[in-house]
Every structure is written in structure tokens, then in C-alpha cells.
Amino acid sequence: MIPKRFRDRREAGRLLAGKLTGYATRPDVLVLALPRGGVPVAYEVARALRAPLDVFVVRKLGVPGHEELAMGALAPDGVRILNQEVVKALDIPESIIDEVAAQELEELKRRERLYRGGRPPPDLRGRTVILVDDGLATGATMRAAIRALRQQQPARIVVAVPTASPDTCEALGGEADEVICAMTPRPFLSVGHWYDDFTQTTDEEVRRLLAQRQQPDDRQPSPSATETTPAEAVRESHMLQ
């Protein structure tokens with residue numbers, strides 16, 4: 001049976017939260033979003049679990065002229081992951097990789113300044129980190145994020161996404177402590193294929209959602225009549241199994 005599509009990233013996050021209920025209200029849990037698309041998903045996960053939310057900025061290294069194709073990814077602390085299969089198949093020279101990486105490093109720094117402002121990065125030592133994105137295709141950016149996070153000594157890294165390539169979801173099991181992919185359709189096609197609304201998330205939306213999660217839970221915006229509550233998300237998540 002062909003899995004249903006998500007209405008948008010917010011709905012995907014509420015459904016994904018239903019598969020993470022074992023982490024709810026735990027003081028050691030921190031939800032980290034890969035911006036920008038991962039932030040609306042992670043916001044709903046953090047809200048349902050009553051967990052803090054922050055961002056972990058990772059940049060895809062796109063093939064020049066075909067930027068949606070990842071030849072690697074860049075993360076903080078100098079972590080760079082290359083997709084050797086793509087690099088070798090397209091015979092991409094090291095100089096081009098370095099040029100793209102330099103450009104993406106500047107964008108990574110810009111986004112960290114913009115999203116975090118004057119807030120320091122969270123201390124991850126001994127924490128359970130739930131790392132959220134809106135989906136996984138090649139998994140290059142997620143791999144870079146996991147390897148960079150390992151250097152900060154969290155107790156556990158949980159990768160959680162609404163949709164993923166089956167092969168990528170399985171492969172990441174060797175990198176993270178736990179991988180939760182709500183649905184792994186085959187053929188996968190692309191992340192955006194499994195959303196009715198896959199409009200690009202803006203910097204303004206990222207900042208707004210992060211600011212909302214800085215408020216106490218009793219001051220969080222209430223779900224509208226059209227939104228799924230965390231309890232309903234648990235029931236609806238079974239639809240994706």
C-alpha cells in the first residue's frame with residue numbers, strides 16, 4: 001500500500017512525535033533540528049515531548065549546477081563528510097569541493113548567528129539528543145550532524161524523521177544509537193514527494209518557532225481545531241506503520 005502524504009511539515013512532526021513518546025517529559029532530552037526544513041517538524045516533536053528545542057546547523061555540499069544532489073555535507077567544528085560515490089562518478093576535483101565548502105561554511109556561520117543570536121550552544125554532554133529533519137534522501141547532512149555531535153559527548157543520539165529512503169534509514173543505524181523513520185516508502189523518489197506542501201521554510205519562521213519554544217509550556221500557542229494533538233499523534237502514527 002502506498003503510504004499517505006503529509007499535509008505539511010507541522011503535521012509530519014505531530015505524527016513523528018507519536019513514535020517518540022518514550023522520551024516525553026524526560027529532563028535529559030533535547031530536540032535538535034536541522035534547519036531550515038527540520039525546524040517545523042522538530043517544533044512539534046519538542047512541543048509534544050515537552051522538551052527544549054534548538055538548532056544544529058549543517059550544510060549540504062551540492063554538486064555545482066545540480067545543487068540538489070549532495071556530494072557531501074559540512075557541520076560545525078570542521079566536520080566534512082563526502083559522498084565518495086557521487087564524487088567519483090562525476091569526477092569532481094578537490095578544488096571544486098573546497099570552493100563549495102568555503103561558500104557553505106560562510107552560510108553555516110550566518111545561520112548560526114541569525115538563529116541563535118546571543119544564545120550559546122546547548123551543553124550536550126550526557127544528554128539524549130533527538131536529531132530531527134524533514135526527511136532523508138542520501139543522508140549526507142545527517143551523517144555530518146551525527147559525527148559532529150559525537151564530539152560533544154551526548155549520552156545518546158536518536159535520529160528521527162517523518163520519511164526516508166529505506167536504504168538510508170537502515171544505513172544510519174550504524175551511526176546513531178537509534179533511528180526512527182516514520183515511513184520508508186519504496187520507491188522513495190524524494191523527500192518533497194511525500195508532502196502536499198513542501199514550501200521552503202524561511203529564516204523568519206525558524207526564528208519564530210525557536211522563540212516560541214523558549215517560553216514555558218503553559219504559554220505555548222494552543223493547537224487549533226485543525227491541528228493534531230500529541231495524543232492524537234500517537235494514534236495517527238500507527239497509520240504509517
# chains A, B, ... in the order shown; residues from 1 in each chain; ligands from 1
call {"tool": "select_by_dssp", "arguments": {"residues": "stretch 130-211 of chain A", "states": "strand (DSSP E)", "output": "number ranges by chain"}}
result
A: 130-132, 156-163, 178-183
call {"tool": "residues_around", "arguments": {"residues": "stretch 96-100 of chain A", "least_positions_apart": "5", "cutoff": "9 Å", "atoms": "only C-alpha atoms", "output": "ChimeraX atom specification"}}
result
/A:61-64,71-72,87,105
call {"tool": "write_last_selection", "arguments": {"atoms": "C-alpha atoms", "output": "short mmCIF file (atom, residue, chain, number, x, y, z; two decimals), in the first residue's frame"}}
result
data_model
loop_
_atom_site.label_atom_id
_atom_site.label_comp_id
_atom_site.auth_asym_id
_atom_site.auth_seq_id
_atom_site.Cartn_x
_atom_site.Cartn_y
_atom_site.Cartn_z
CA LEU A 61 27.57 20.37 -0.31
CA GLY A 62 25.66 20.38 -3.58
CA VAL A 63 27.12 19.45 -6.94
CA PRO A 64 27.63 22.70 -8.92
CA MET A 71 28.31 15.35 -2.85
CA GLY A 72 28.78 15.76 0.90
CA VAL A 87 32.39 12.44 -6.21
CA LEU A 105 30.89 27.44 5.68
#
call {"tool": "atom_distance", "arguments": {"atom1": "atom CA of A:Ser190", "atom2": "atom CA of A:Ala140"}}
result
14.2 Å
call {"tool": "closest_residue", "arguments": {"among": "A:Glu106, A:Glu44, A:Glu112, A:Asp28", "to": "A:Asp134", "atoms": "only C-alpha atoms"}}
result
A:Glu44
call {"tool": "closest_residue", "arguments": {"among": "A:Thr184, A:Thr163, A:Gln212, A:Thr168", "to": "A:Gly13", "atoms": "only C-alpha atoms"}}
result
A:Thr163
